[in-house]
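Reading through the structure tokens given below for one structure.
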Amino acid sequence: MGGAQAPAMSPPAIKKGMGLVLDQIIFALLNGTIYGLLLFMVSAGLTLIFGMMGVLNFAHASFYMLGAYFAYTLEPLTGFWIAIILSPLLVAGIGILVERYILRHVHAHGHAHELLVTFGLSVVIAEIIKMAYGKFAIDYRVPVELNFAAFSLSGIDYPFYRLFMGGIALAMFIAIYLLLTRTRVGIVVRSAIYRPQMVEALGHNVPLVFMGVFGFGAALAGLAGAVAGAFYTTNPNMALELGVMVFVVVVVGGLGSMGGAMAASLLIGITNSLAVGSNFMLADALALVGLGAWAQDIGGLLTTRLSSLAATIPFFIMLLVLVVRPSGLMGEKE
Amino acid sequence: MKLGPISLAVVVCLLLAMPWLVSGSFLNAAIQMLIAALFAMAFGLLCGRAGMLSFGHAAYFGVGAFAAVHAMNAFGGEGLLPTPLLPLVGAGTGLVSGLVAGYFSTKRTGVYFAMITLALAELLHALAPHMKAMFGGEAGVSSFRMPAWGFSFGSITEVYFLTLAWTLLSIAALYLFSKTPLGSLALGLRENAHRLRFLGYNTHALGTLIFAVSAMFAGIAGALQSLNIEAANYVVLESHISTAVVLNSFIGGVRVFLGPAIGGAVMTFFGHVTSDLTRVWLLYQGIIFVLVMMFMPRGIVGEIVDRFSAPTRAGILRLLGDICLRLGAVAVAAIGAIFLIEFLQRLLSNEYRANVAAAGWPDITLFSMDWSPLSIQPWGFGLGLMAVGIALVVTINRRLAARKEAEA
Amino acid sequence: MAFRSYARGTAALALVMAAGTAQAEALKIGLVETLSGPQASTGLLYRDAVLYGISKINEAGGFGGAPIEVLEYDNQGGPVGAADRVRAAIADGADIIIQGSSSAVAGQITEDVRKNNLRNAGDEVLYINLGAEAMELTGSKCHFYHFRMSPNAAIRVNTVLDGMKEAGALGTNVYAINQNYSWGIDVQDNTVAAASALGFEVVEETLHEVNKIQDFAPYVARIQQSGADTVITGNWSNDLLLLMKAASGAGLDARFGTAFLDQPGNIGNAGAVAEGHFVSTPFNAEVNAEASSAFMEDYKSKTGHYPSYVEPAAVFGIQLLGEALAQVEPTEDGVDATALALALEQATVETPMGVVSMRAGDHQASLPMVVQEVTRDAVYKADGTEFGFSPVKVISAQDAEQPLQDSCEMKRPG
């Protein structure tokens with residue numbers, strides 16, 4: 001596999017090589033899926049809140065960060081499991097306070113103001129975290145009992161914790177789906193998304209529903225943070241790093257659509273993972289029409305490998321979706 | 001409050017006299033303030049007047065900045081144009097990039113429009129490091145202001161006047177633009193695009209045009225920045241530049257003509273002063289922004305204009321009295337909050353934590369007094385002031401509301 | 001009336017005092033660092049180190065009989081803020097500008113200083129770069145008034161490879177994974193260049209986006225696929241942590257040679273994941289233990305923490321500056337930057353690691369490097385964990401030195 005010319009392969013070696021490539025693809029798909037599921041965990045709450053209240057909540061990724069920091073703080077006192085249960089509840093509390101005392105106050109001034117006030121909040125939260133926990137990453141880690149390899153393919157271990165995160169995300173998706181479609185509360189919530197006045201006229205307390213949804217959405221982000229913070233890193237910039245990506249997921253999926261968010265998360269996770277593994281560059285495509293040498297001369301973007309542009313792909317996808325099908329993959333509202 | 005010709009003349013004279021009134025360090029800040037003001041005005045045209053919230057205006061600012069820096073370096077450093085005319089390059093590239101980007105983004109409205117602008121800006125930001133010839137490496141592209149028209153452009157004062165001239169010209173142009181039919185149509189676009197379409201206007205072309213004009217002025221602001229710092233770096237394309245202009249404009253008041261300019265200038269000045277005073281100035285900035293959005297939704301200038309819209313002599317005096325009362329109350333609460341934040345910041349700092357481990361809980365010096373974190377005084381002082389201030393604000397508001405009701 | 005005459009009297013007194021001290025006006029140093037925002041963490045470390053270093057010079061008598069004044073400016077993390085603050089510092093009378101935490105900011109400052117000196121001949125200022133390691137600062141952008149006190153990409157890479165080879169940890173298949181900007185590219189180029197001399201093969205090079213990747217598992221899969229046994233990376237902060245965690249999770253059997261593994265928080269966050277990996281830095285407290293631990297304790301007593309990461313090299317840099325200052329005479333408004341620059345080219349300082357000096361050709365500091373491994377046996381533990389950095393090999397300043405870059409055409413005064 002090295003840079004040197006590989007000698008002519010014997011049939012068993014080819015077979016082994018094929019197996020290796022297959023394993024690589026399986027890993028790429030698995031990695032992409034798990035990363036996509038993480039994106040889903042954070043964006044689920046965001047899309048729910050948007051669908052219901054029309055608010056693109058800039059502070060949503062901050063709830064993700066708060067979840068991680070709360071879990072880190074609680075872990076020494078309660079142990080890992082209780083910490084990842086308590087931390088989302090705390091985040092939900094903060095979400096409810098934000099909705100009740102800040103967002104509701106701004107609601108009358110329009111969506112732009114709601115969006116901007118949440119942006120201000122995200123700055124405030126990040127600065128408070130820095131004050132309280134310092135500016136460097138903290139040592140929030142995967143607990144030892146969960147830190148083992150689930151299985152191994154052609155010499156590469158697959159960490160159990162990744163599967164664990166994916167499992168939680170899937171459980172979350174199923175639970176939300178059942179909650180929205182099978183329960184009375186879910187019916188009220190879904191109708192409040194489409195016809196808030198009508199629901200209010202029917203005697204439901206819509207502001208309370210809004211508050212509940214906001215708190216629930218925040219809790220989902222908090223849970224994602226508590227679980228993923230241990231695996232990735234917990235630092236004061238983690239909200240910034242994930243924030244924009246979560247927006248992309250929600251827009252691509254279709255604002256307010258839970259299934260869309262899931263589809264978009266997986267799409268972005270998997271394309272990202274595959275792009276990283278590829279050496280493709282524009283010059284290769286031009287070589288097909290005989291312009292390869294010219295492209296090599298030009299250099300710059302034409303000879304930049306796809307793997308080093310992986311992080312821009314989600315934005316390409318978002319632009320494409322917005323221009324071609326603005327309501328997103330599965331969105332209904334525009 | 002109409003900005004009468006007299007007050008306008010006074011402001012312009014003050015701006016012209018600035019180099020003799022303030023120190024060199026402040027003159028620097030004044031240049032940055034002018035640039036931020038112009039950038040915010042460009043954004044204000046798009047967002048305030050035409051109702052299109054862009055999250056990617058850093059792109060056009062950055063395009064203007066890089067165009068200007070390359071123009072300065074053209075012909076072996078001789079420059080494409082004489083130094084004072086270089087912002088034209090920024091204007092041109094801003095306009096062209098605005099036409100292209102505007103064509104795509106104004107196909108959609110609302111959140112979708114915002115997301116397209118965000119995606120375009122993020123793409124440019126992500127691709128910029130790969131295009132070294134255009135955007136330089138990490139250390140950026142550097143340039144040199146050449147003498148022209150009898151000026152050396154070596155001193156800050158000359159740069160200040162150059163920036164001032166361009167900013168005032170651009171703001172005047174923006175004002176005139178708002179008086180043209182196109183400017184009025186922009187308002188229509190914000191208020192009721194459907195109706196405009198029924199009246200036979202091509203709203204997409206209209207939106208694109210206004211977007212391009214806004215990008216053009218953003219490009220001028222970018223070019224002025226390149227002229228000022230004699231360099232451009234791809235960090236000007238970062239998303240926080242885009243969000244800063246949104247925040248500045250809304251703090252000033254995005255729907256009043258000079259609101260964004262004043263917001264941009266004030267917040268730049270705020271950053272200039274506070275960043276050297278406290279390490280948590282971003283926290284204060286965030287808090288101010290949240291409070292303005294909550295309690296002054298029209299922005300600072302917007303609120304003032306609103307209050308002074310029908311002035312009588314007695315009315316103005318009373319208003320001033322009310323405002324002073326409110327400001328006093330807010331100041332009390334603010335002092336309490338600042339004390340608490342600064343106290344907490346010192347208490348939680350690494351240096352202090354290290355001291356705690358070594359020497360117990362030493363006193364913290366703040367407001368030139370020593371406070372023991374274990375005693376009740378600092379907490380009582382901070383929280384007390386805050387509570388008193390907030391109570392005062394609430395009481396004043398109630399009283400004023402009651403008076404208003406009695407009058408009505 | 002009474003007040004006015006009092007005021008007059010005070011003014012007169014002030015004038016007299018000013019006249020008396022005109023010859024020895026305190027030397028002012030402008031520290032233009034990133035003190036707020038996402039990148040402030042490193043900026044604050046530089047601040048601690050500079051304040052410590054200057055306080056040592058002041059304890060020894062300061063400069064020209066007066067203590068040196070450090071003026072602090074927050075560059076707000078970007079070139080625009082830095083340009084503004086450099087001007088402010090010069091306007092406030094600073095003769096020396098100090099900065100370290102970002103190459104983007106350094107690129108702006110070094111150019112600003114160069115232009116300022118062109119425009120104000122005879123009243124130059126000096127730029128002491130404590131840690132911006134981009135090669136172009138001592139390459140195409142080098143000039144007479146810029147001095148870099150930290151190692152650069154070439155020194156970091158070559159020393160870490162050297163030390164790993166000595167420790168038997170350098171394999172034959174090396175993978176270079178770096179951030180896609182000038183620093184990462186410099187590290188990659190130097191890794192490739194060192195291949196034949198040290199007898200390894202670079203099996204693959206990868207550049208990825210800076211601080212945007214959340215999930216490094218796909219990259220680790222690539223490393224695994226390439227059959228690499230050693231990974232050389234210039235990544236810092238989150239990009240390093242996430243890469244190492246993903247590598248450990250996948251059970252990747254490769255040693256990492258890094259440049260910034262010692263950043264505070266890294267070992268705490270990575271834990272056992274970091275064990276057995278390498279880093280090359282200008283300081284390790286176990287080398288020359290007696291002198292080093294004295295320095296460690298003294299630093300801690302002043303700042304509240306042991307020096308780590310960029311701090312020791314920054315302190316050595318300030319010491320070197322102090323040596324140069326001792327060789328020049330104070331002028332009316334502080335110091336003659338040209339004379340100071342010439343003195344700095346000749347200055348040497350004895351540090352616990354060895355002799356640190358300044359190379360006149362490109363103003364790159366020549367300093368000893370210590371290659372170290374993360375182990376459990378280290379004397380000083382990092383981030384309160386059971387791990388620390390154990391020295392593997394000390395490389396003297398001469399051996400660590402890398403050739404001058406051809407792109408540096410320095411115009412000397414006179």
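Labeling convention for the structure tokens: chains A, B, ... as they appear, residues from 1 per chain, ligands from 1 in order of appearance.
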
Hey, which bits of chain A sit within 7 Å of chain C, and for each residue what's the closest pair of atoms and how far apart in Å (one decimal), counting only C-alpha atoms, rows by chain and increasing number, as CSV?
```
residue,atom,partner,partner_atom,distance
A:Met1,CA,C:Ser226,CA,5.4
A:Gly2,CA,C:Val203,CA,5.0
A:Gly3,CA,C:Val203,CA,5.0
A:Ala28,CA,C:Pro218,CA,6.1
A:Asn31,CA,C:Ala217,CA,6.5
A:Tyr35,CA,C:Asp215,CA,6.8
A:Lys135,CA,C:Ser41,CA,5.5
A:Phe136,CA,C:Gly265,CA,5.7
A:Ala137,CA,C:Gly265,CA,5.3
A:Ile138,CA,C:Asn269,CA,6.0
A:Asp139,CA,C:Asn269,CA,4.0
A:Tyr140,CA,C:Asn269,CA,6.5
A:Arg141,CA,C:Asn269,CA,6.8
A:Ile156,CA,C:Ala250,CA,5.6
A:Asp157,CA,C:Ala250,CA,4.4
A:Tyr158,CA,C:Ala250,CA,5.4
A:Pro159,CA,C:Gly249,CA,5.3
A:Tyr232,CA,C:Leu242,CA,6.2
A:Thr233,CA,C:Leu242,CA,7.0
A:Asn237,CA,C:Pro38,CA,6.6
A:Glu241,CA,C:Lys212,CA,6.4
A:Ser273,CA,C:Pro218,CA,5.6
A:Val276,CA,C:Pro218,CA,6.2
A:Gly277,CA,C:Arg222,CA,6.4
A:Ser307,CA,C:His208,CA,6.8
A:Ser308,CA,C:His208,CA,4.3
A:Leu309,CA,C:Glu209,CA,6.9
A:Ala311,CA,C:Lys212,CA,6.5
```

Run DSSP on the backbone of this structure and report the residues of range 89-248 of chain A it assigns to strand (DSSP E), as an MDAnalysis selection string.
chainID A and resid 149:153 156:159

Could the residues in this selection be saved with C-alpha atoms as a PDB file, in the first residue's frame?
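And here's result-v8.pdb as it stands now:
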```
ATOM      1  CA  ALA A 149     -13.114  -2.342  21.035  1.00  0.00           C
ATOM      2  CA  ALA A 150     -16.448  -3.695  19.880  1.00  0.00           C
ATOM      3  CA  PHE A 151     -14.991  -5.679  17.007  1.00  0.00           C
ATOM      4  CA  SER A 152     -12.051  -5.691  14.722  1.00  0.00           C
ATOM      5  CA  LEU A 153     -11.896  -5.783  10.926  1.00  0.00           C
ATOM      6  CA  ILE A 156      -8.657  -1.989  12.784  1.00  0.00           C
ATOM      7  CA  ASP A 157     -10.499  -1.908  16.085  1.00  0.00           C
ATOM      8  CA  TYR A 158     -13.886  -0.359  16.225  1.00  0.00           C
ATOM      9  CA  PRO A 159     -14.523   1.409  19.536  1.00  0.00           C
TER      10      PRO A 159
END
```

Interface rows for chain C against chain B: nearest pair, Å to one decimal, 7 Å, only C-alpha atoms, as a tab-separated table:
```
residue	atom	partner	partner_atom	distance
C:Leu35	CA	B:Arg279	CA	6.4
C:Ser36	CA	B:Arg279	CA	5.7
C:Tyr73	CA	B:Asp276	CA	5.8
C:Asp74	CA	B:Asp276	CA	5.8
C:Val80	CA	B:Ile229	CA	6.9
C:Ala83	CA	B:Ile229	CA	5.9
C:Asp84	CA	B:Asn28	CA	6.2
C:Arg87	CA	B:Ser25	CA	6.9
C:Ala88	CA	B:Ser25	CA	4.5
C:Ala91	CA	B:Gly24	CA	6.0
C:Ser103	CA	B:Ala139	CA	6.2
C:Ala104	CA	B:Ala139	CA	4.5
C:Gly107	CA	B:Ala139	CA	4.1
C:Gln108	CA	B:Ala139	CA	6.6
C:Arg119	CA	B:Gly154	CA	6.7
C:Tyr181	CA	B:Pro129	CA	6.5
C:Ser182	CA	B:Glu138	CA	6.0
C:Thr303	CA	B:Glu351	CA	6.6
C:Gly304	CA	B:Glu351	CA	5.2
C:His305	CA	B:Ala354	CA	6.9
```

Got time to write the residues from that selection, N, CA and C atoms, as an mmCIF file, in the first residue's frame?
```cif
data_model
loop_
_atom_site.group_PDB
_atom_site.id
_atom_site.type_symbol
_atom_site.label_atom_id
_atom_site.label_comp_id
_atom_site.auth_asym_id
_atom_site.auth_seq_id
_atom_site.Cartn_x
_atom_site.Cartn_y
_atom_site.Cartn_z
ATOM 1 N N LEU C 35 -5.665 38.321 23.977
ATOM 2 C CA LEU C 35 -6.033 38.141 25.380
ATOM 3 C C LEU C 35 -7.519 37.850 25.556
ATOM 4 N N SER C 36 -8.277 37.838 24.463
ATOM 5 C CA SER C 36 -9.700 37.498 24.577
ATOM 6 C C SER C 36 -10.090 36.698 23.348
ATOM 7 N N TYR C 73 -1.630 45.074 25.254
ATOM 8 C CA TYR C 73 -2.679 45.373 24.282
ATOM 9 C C TYR C 73 -3.326 44.062 23.861
ATOM 10 N N ASP C 74 -4.637 44.094 23.694
ATOM 11 C CA ASP C 74 -5.354 42.910 23.241
ATOM 12 C C ASP C 74 -5.562 43.032 21.729
ATOM 13 N N VAL C 80 -6.409 42.583 11.991
ATOM 14 C CA VAL C 80 -6.917 43.950 12.002
ATOM 15 C C VAL C 80 -6.713 44.580 13.374
ATOM 16 N N ALA C 83 -3.001 45.254 13.884
ATOM 17 C CA ALA C 83 -2.502 46.453 13.210
ATOM 18 C C ALA C 83 -2.839 47.684 14.042
ATOM 19 N N ASP C 84 -4.074 47.703 14.518
ATOM 20 C CA ASP C 84 -4.528 48.819 15.330
ATOM 21 C C ASP C 84 -3.688 48.959 16.596
ATOM 22 N N ARG C 87 0.022 50.126 16.196
ATOM 23 C CA ARG C 87 0.086 51.585 16.069
ATOM 24 C C ARG C 87 -0.099 52.257 17.415
ATOM 25 N N ALA C 88 -1.080 51.728 18.175
ATOM 26 C CA ALA C 88 -1.325 52.321 19.492
ATOM 27 C C ALA C 88 -0.079 52.192 20.353
ATOM 28 N N ALA C 91 2.478 54.611 19.214
ATOM 29 C CA ALA C 91 2.065 55.956 19.606
ATOM 30 C C ALA C 91 2.281 56.172 21.100
ATOM 31 N N SER C 103 0.458 33.015 13.782
ATOM 32 C CA SER C 103 1.255 33.405 12.624
ATOM 33 C C SER C 103 0.521 34.416 11.768
ATOM 34 N N ALA C 104 -0.820 34.384 11.767
ATOM 35 C CA ALA C 104 -1.567 35.362 10.991
ATOM 36 C C ALA C 104 -1.325 36.753 11.561
ATOM 37 N N GLY C 107 2.284 37.791 10.890
ATOM 38 C CA GLY C 107 2.480 38.259 9.526
ATOM 39 C C GLY C 107 2.112 39.724 9.392
ATOM 40 N N GLN C 108 1.046 40.109 10.072
ATOM 41 C CA GLN C 108 0.639 41.516 10.041
ATOM 42 C C GLN C 108 1.645 42.388 10.783
ATOM 43 N N ARG C 119 9.220 54.258 7.192
ATOM 44 C CA ARG C 119 8.657 55.608 7.177
ATOM 45 C C ARG C 119 9.290 56.482 8.258
ATOM 46 N N TYR C 181 -2.642 24.593 6.061
ATOM 47 C CA TYR C 181 -2.255 25.991 5.928
ATOM 48 C C TYR C 181 -0.740 26.029 6.074
ATOM 49 N N SER C 182 -0.166 27.212 5.997
ATOM 50 C CA SER C 182 1.280 27.278 5.807
ATOM 51 C C SER C 182 2.060 26.448 6.833
ATOM 52 N N THR C 303 3.936 33.144 38.991
ATOM 53 C CA THR C 303 2.747 33.119 38.138
ATOM 54 C C THR C 303 1.675 32.159 38.632
ATOM 55 N N GLY C 304 2.015 31.295 39.589
ATOM 56 C CA GLY C 304 1.005 30.376 40.094
ATOM 57 C C GLY C 304 0.995 29.037 39.392
ATOM 58 N N HIS C 305 1.784 28.852 38.344
ATOM 59 C CA HIS C 305 1.819 27.534 37.706
ATOM 60 C C HIS C 305 3.215 27.269 37.152
#
```

As a PDB file with C-alpha atoms, in the first residue's frame, please: every residue in range 44-277 of chain C that a backbone DSSP assignment puts in alpha helix (DSSP H).
```
ATOM      1  CA  LEU C  44      -2.373  34.502  28.110  1.00  0.00           C
ATOM      2  CA  LEU C  45       0.515  32.039  28.521  1.00  0.00           C
ATOM      3  CA  TYR C  46       2.771  34.347  26.502  1.00  0.00           C
ATOM      4  CA  ARG C  47       1.651  37.193  28.698  1.00  0.00           C
ATOM      5  CA  ASP C  48       2.645  35.314  31.853  1.00  0.00           C
ATOM      6  CA  ALA C  49       6.030  34.425  30.390  1.00  0.00           C
ATOM      7  CA  VAL C  50       6.776  37.979  29.242  1.00  0.00           C
ATOM      8  CA  LEU C  51       5.768  39.499  32.551  1.00  0.00           C
ATOM      9  CA  TYR C  52       7.930  36.955  34.366  1.00  0.00           C
ATOM     10  CA  GLY C  53      10.918  37.545  32.100  1.00  0.00           C
ATOM     11  CA  ILE C  54      10.699  41.331  32.314  1.00  0.00           C
ATOM     12  CA  SER C  55      10.268  41.224  36.087  1.00  0.00           C
ATOM     13  CA  LYS C  56      13.572  39.300  36.245  1.00  0.00           C
ATOM     14  CA  ILE C  57      15.287  41.994  34.167  1.00  0.00           C
ATOM     15  CA  ASN C  58      13.779  44.675  36.378  1.00  0.00           C
ATOM     16  CA  GLU C  59      14.944  42.895  39.535  1.00  0.00           C
ATOM     17  CA  PRO C  79      -4.590  40.951  12.064  1.00  0.00           C
ATOM     18  CA  VAL C  80      -6.917  43.950  12.002  1.00  0.00           C
ATOM     19  CA  GLY C  81      -6.907  44.316  15.764  1.00  0.00           C
ATOM     20  CA  ALA C  82      -3.163  43.703  15.775  1.00  0.00           C
ATOM     21  CA  ALA C  83      -2.502  46.453  13.210  1.00  0.00           C
ATOM     22  CA  ASP C  84      -4.528  48.819  15.330  1.00  0.00           C
ATOM     23  CA  ARG C  85      -2.760  47.863  18.562  1.00  0.00           C
ATOM     24  CA  VAL C  86       0.734  48.005  17.096  1.00  0.00           C
ATOM     25  CA  ARG C  87       0.086  51.585  16.069  1.00  0.00           C
ATOM     26  CA  ALA C  88      -1.325  52.321  19.492  1.00  0.00           C
ATOM     27  CA  ALA C  89       1.743  50.799  21.132  1.00  0.00           C
ATOM     28  CA  ILE C  90       4.113  52.825  18.963  1.00  0.00           C
ATOM     29  CA  ALA C  91       2.065  55.956  19.606  1.00  0.00           C
ATOM     30  CA  SER C 103       1.255  33.405  12.624  1.00  0.00           C
ATOM     31  CA  ALA C 104      -1.567  35.362  10.991  1.00  0.00           C
ATOM     32  CA  VAL C 105      -1.129  38.117  13.541  1.00  0.00           C
ATOM     33  CA  ALA C 106       2.653  37.844  13.309  1.00  0.00           C
ATOM     34  CA  GLY C 107       2.480  38.259   9.526  1.00  0.00           C
ATOM     35  CA  GLN C 108       0.639  41.516  10.041  1.00  0.00           C
ATOM     36  CA  ILE C 109       2.875  42.801  12.827  1.00  0.00           C
ATOM     37  CA  THR C 110       6.172  42.038  11.115  1.00  0.00           C
ATOM     38  CA  GLU C 111       5.009  43.912   8.015  1.00  0.00           C
ATOM     39  CA  ASP C 112       3.650  46.800  10.069  1.00  0.00           C
ATOM     40  CA  VAL C 113       6.938  47.108  11.901  1.00  0.00           C
ATOM     41  CA  ARG C 114       8.896  46.954   8.658  1.00  0.00           C
ATOM     42  CA  LYS C 115       6.766  49.715   7.095  1.00  0.00           C
ATOM     43  CA  ASN C 116       6.869  51.807  10.236  1.00  0.00           C
ATOM     44  CA  ASN C 117      10.651  51.620  10.204  1.00  0.00           C
ATOM     45  CA  LEU C 118      10.799  52.561   6.518  1.00  0.00           C
ATOM     46  CA  ARG C 119       8.657  55.608   7.177  1.00  0.00           C
ATOM     47  CA  ALA C 153       8.695  23.899  11.525  1.00  0.00           C
ATOM     48  CA  ALA C 154      12.074  22.711  10.203  1.00  0.00           C
ATOM     49  CA  ILE C 155      13.618  22.563  13.678  1.00  0.00           C
ATOM     50  CA  ARG C 156      10.593  20.876  15.252  1.00  0.00           C
ATOM     51  CA  VAL C 157      10.287  18.181  12.599  1.00  0.00           C
ATOM     52  CA  ASN C 158      13.961  17.360  12.217  1.00  0.00           C
ATOM     53  CA  THR C 159      14.602  17.180  15.946  1.00  0.00           C
ATOM     54  CA  VAL C 160      11.567  15.055  16.715  1.00  0.00           C
ATOM     55  CA  LEU C 161      12.525  12.646  13.912  1.00  0.00           C
ATOM     56  CA  ASP C 162      16.095  12.573  15.176  1.00  0.00           C
ATOM     57  CA  GLY C 163      15.023  11.864  18.750  1.00  0.00           C
ATOM     58  CA  MET C 164      12.543   9.200  17.740  1.00  0.00           C
ATOM     59  CA  LYS C 165      15.205   7.469  15.678  1.00  0.00           C
ATOM     60  CA  GLU C 166      17.532   7.517  18.680  1.00  0.00           C
ATOM     61  CA  SER C 182       1.280  27.278   5.807  1.00  0.00           C
ATOM     62  CA  TRP C 183       2.363  25.721   9.110  1.00  0.00           C
ATOM     63  CA  GLY C 184       0.998  22.271   8.292  1.00  0.00           C
ATOM     64  CA  ILE C 185       2.493  22.424   4.810  1.00  0.00           C
ATOM     65  CA  ASP C 186       5.873  23.410   6.273  1.00  0.00           C
ATOM     66  CA  VAL C 187       5.770  20.401   8.598  1.00  0.00           C
ATOM     67  CA  GLN C 188       4.820  18.110   5.743  1.00  0.00           C
ATOM     68  CA  ASP C 189       7.574  19.427   3.453  1.00  0.00           C
ATOM     69  CA  ASN C 190      10.195  19.036   6.153  1.00  0.00           C
ATOM     70  CA  THR C 191       9.066  15.506   6.921  1.00  0.00           C
ATOM     71  CA  VAL C 192       9.386  14.536   3.276  1.00  0.00           C
ATOM     72  CA  ALA C 193      12.765  16.248   3.000  1.00  0.00           C
ATOM     73  CA  ALA C 194      14.178  14.323   5.966  1.00  0.00           C
ATOM     74  CA  ALA C 195      13.116  10.911   4.638  1.00  0.00           C
ATOM     75  CA  SER C 196      16.243   9.769   2.821  1.00  0.00           C
ATOM     76  CA  ALA C 197      18.686  11.006   5.459  1.00  0.00           C
ATOM     77  CA  LEU C 198      16.921   9.132   8.256  1.00  0.00           C
ATOM     78  CA  ALA C 217     -11.988   8.245  12.286  1.00  0.00           C
ATOM     79  CA  PRO C 218     -11.945   8.341   8.450  1.00  0.00           C
ATOM     80  CA  TYR C 219      -8.439   9.828   8.487  1.00  0.00           C
ATOM     81  CA  VAL C 220      -7.268   7.185  10.927  1.00  0.00           C
ATOM     82  CA  ALA C 221      -8.689   4.526   8.651  1.00  0.00           C
ATOM     83  CA  ARG C 222      -6.515   5.969   5.885  1.00  0.00           C
ATOM     84  CA  ILE C 223      -3.447   5.891   8.087  1.00  0.00           C
ATOM     85  CA  GLN C 224      -4.176   2.282   8.964  1.00  0.00           C
ATOM     86  CA  GLN C 225      -4.634   1.413   5.322  1.00  0.00           C
ATOM     87  CA  SER C 226      -1.284   2.925   4.397  1.00  0.00           C
ATOM     88  CA  SER C 237      -5.217  21.933  19.942  1.00  0.00           C
ATOM     89  CA  ASN C 238      -8.405  20.098  19.022  1.00  0.00           C
ATOM     90  CA  ASP C 239      -7.077  18.768  15.736  1.00  0.00           C
ATOM     91  CA  LEU C 240      -4.300  16.957  17.588  1.00  0.00           C
ATOM     92  CA  LEU C 241      -6.483  15.666  20.398  1.00  0.00           C
ATOM     93  CA  LEU C 242      -9.220  14.363  18.149  1.00  0.00           C
ATOM     94  CA  LEU C 243      -6.687  12.722  15.834  1.00  0.00           C
ATOM     95  CA  MET C 244      -4.955  10.921  18.699  1.00  0.00           C
ATOM     96  CA  LYS C 245      -8.192   9.863  20.331  1.00  0.00           C
ATOM     97  CA  ALA C 246      -9.529   8.486  17.068  1.00  0.00           C
ATOM     98  CA  ALA C 247      -6.214   6.671  16.504  1.00  0.00           C
ATOM     99  CA  SER C 248      -6.329   5.135  19.949  1.00  0.00           C
ATOM    100  CA  GLY C 249      -9.975   4.127  19.560  1.00  0.00           C
ATOM    101  CA  ASN C 266      -3.930  17.821  25.999  1.00  0.00           C
ATOM    102  CA  ILE C 267      -2.553  15.178  28.322  1.00  0.00           C
ATOM    103  CA  GLY C 268      -5.462  15.642  30.708  1.00  0.00           C
ATOM    104  CA  ASN C 269      -7.897  15.132  27.886  1.00  0.00           C
ATOM    105  CA  ALA C 270      -6.102  12.337  26.058  1.00  0.00           C
TER     106      ALA C 270
END
```

Could you produce a table of the residues of chain A lying within 9 Å of chain B, with the nearest pair of atoms per residue and their separation in Å rounded to one decimal, using only C-alpha atoms, ordered by chain and increasing residue number, as CSV?
```
residue,atom,partner,partner_atom,distance
A:Leu56,CA,B:Val111,CA,8.2
A:Ile102,CA,B:Met294,CA,7.1
A:Leu103,CA,B:Met294,CA,8.4
A:His105,CA,B:Met294,CA,6.5
A:Val106,CA,B:Met294,CA,5.5
A:His109,CA,B:Pro297,CA,6.7
A:Ala112,CA,B:Leu53,CA,7.8
A:His113,CA,B:Met293,CA,6.5
A:Glu114,CA,B:Met293,CA,8.3
A:Leu116,CA,B:Leu247,CA,7.6
A:Val117,CA,B:Val290,CA,5.3
A:Thr118,CA,B:Val290,CA,7.9
A:Phe119,CA,B:Val290,CA,8.4
A:Gly120,CA,B:Gly286,CA,4.9
A:Leu121,CA,B:Val290,CA,6.7
A:Ser122,CA,B:Gly286,CA,8.1
A:Val123,CA,B:Gly286,CA,5.5
A:Val124,CA,B:Gly286,CA,5.2
A:Ile125,CA,B:Leu283,CA,8.4
A:Ala126,CA,B:Leu283,CA,8.4
A:Glu127,CA,B:Leu283,CA,5.5
A:Ile128,CA,B:Leu283,CA,7.4
A:Met131,CA,B:Gln345,CA,6.0
A:Ala132,CA,B:Leu348,CA,6.1
A:Tyr133,CA,B:Leu348,CA,8.1
A:Gly134,CA,B:Ser349,CA,7.5
A:Phe247,CA,B:Met115,CA,8.4
A:Val248,CA,B:Met115,CA,8.2
A:Val251,CA,B:Met115,CA,7.9
A:Gly300,CA,B:Met131,CA,5.5
A:Leu301,CA,B:His130,CA,6.1
A:Thr304,CA,B:His130,CA,7.3
A:Leu309,CA,B:Ala126,CA,7.9
A:Ala311,CA,B:Ala126,CA,8.0
A:Thr312,CA,B:Leu123,CA,6.2
A:Ile313,CA,B:Leu123,CA,8.9
A:Phe315,CA,B:Ala119,CA,5.5
A:Phe316,CA,B:Ala119,CA,7.7
A:Met318,CA,B:Ala119,CA,7.2
A:Leu319,CA,B:Ile116,CA,6.2
A:Leu322,CA,B:Tyr112,CA,7.0
A:Val323,CA,B:Phe104,CA,7.4
A:Pro326,CA,B:Tyr112,CA,7.2
A:Ser327,CA,B:Tyr112,CA,8.8
A:Glu334,CA,B:Tyr112,CA,8.5
```
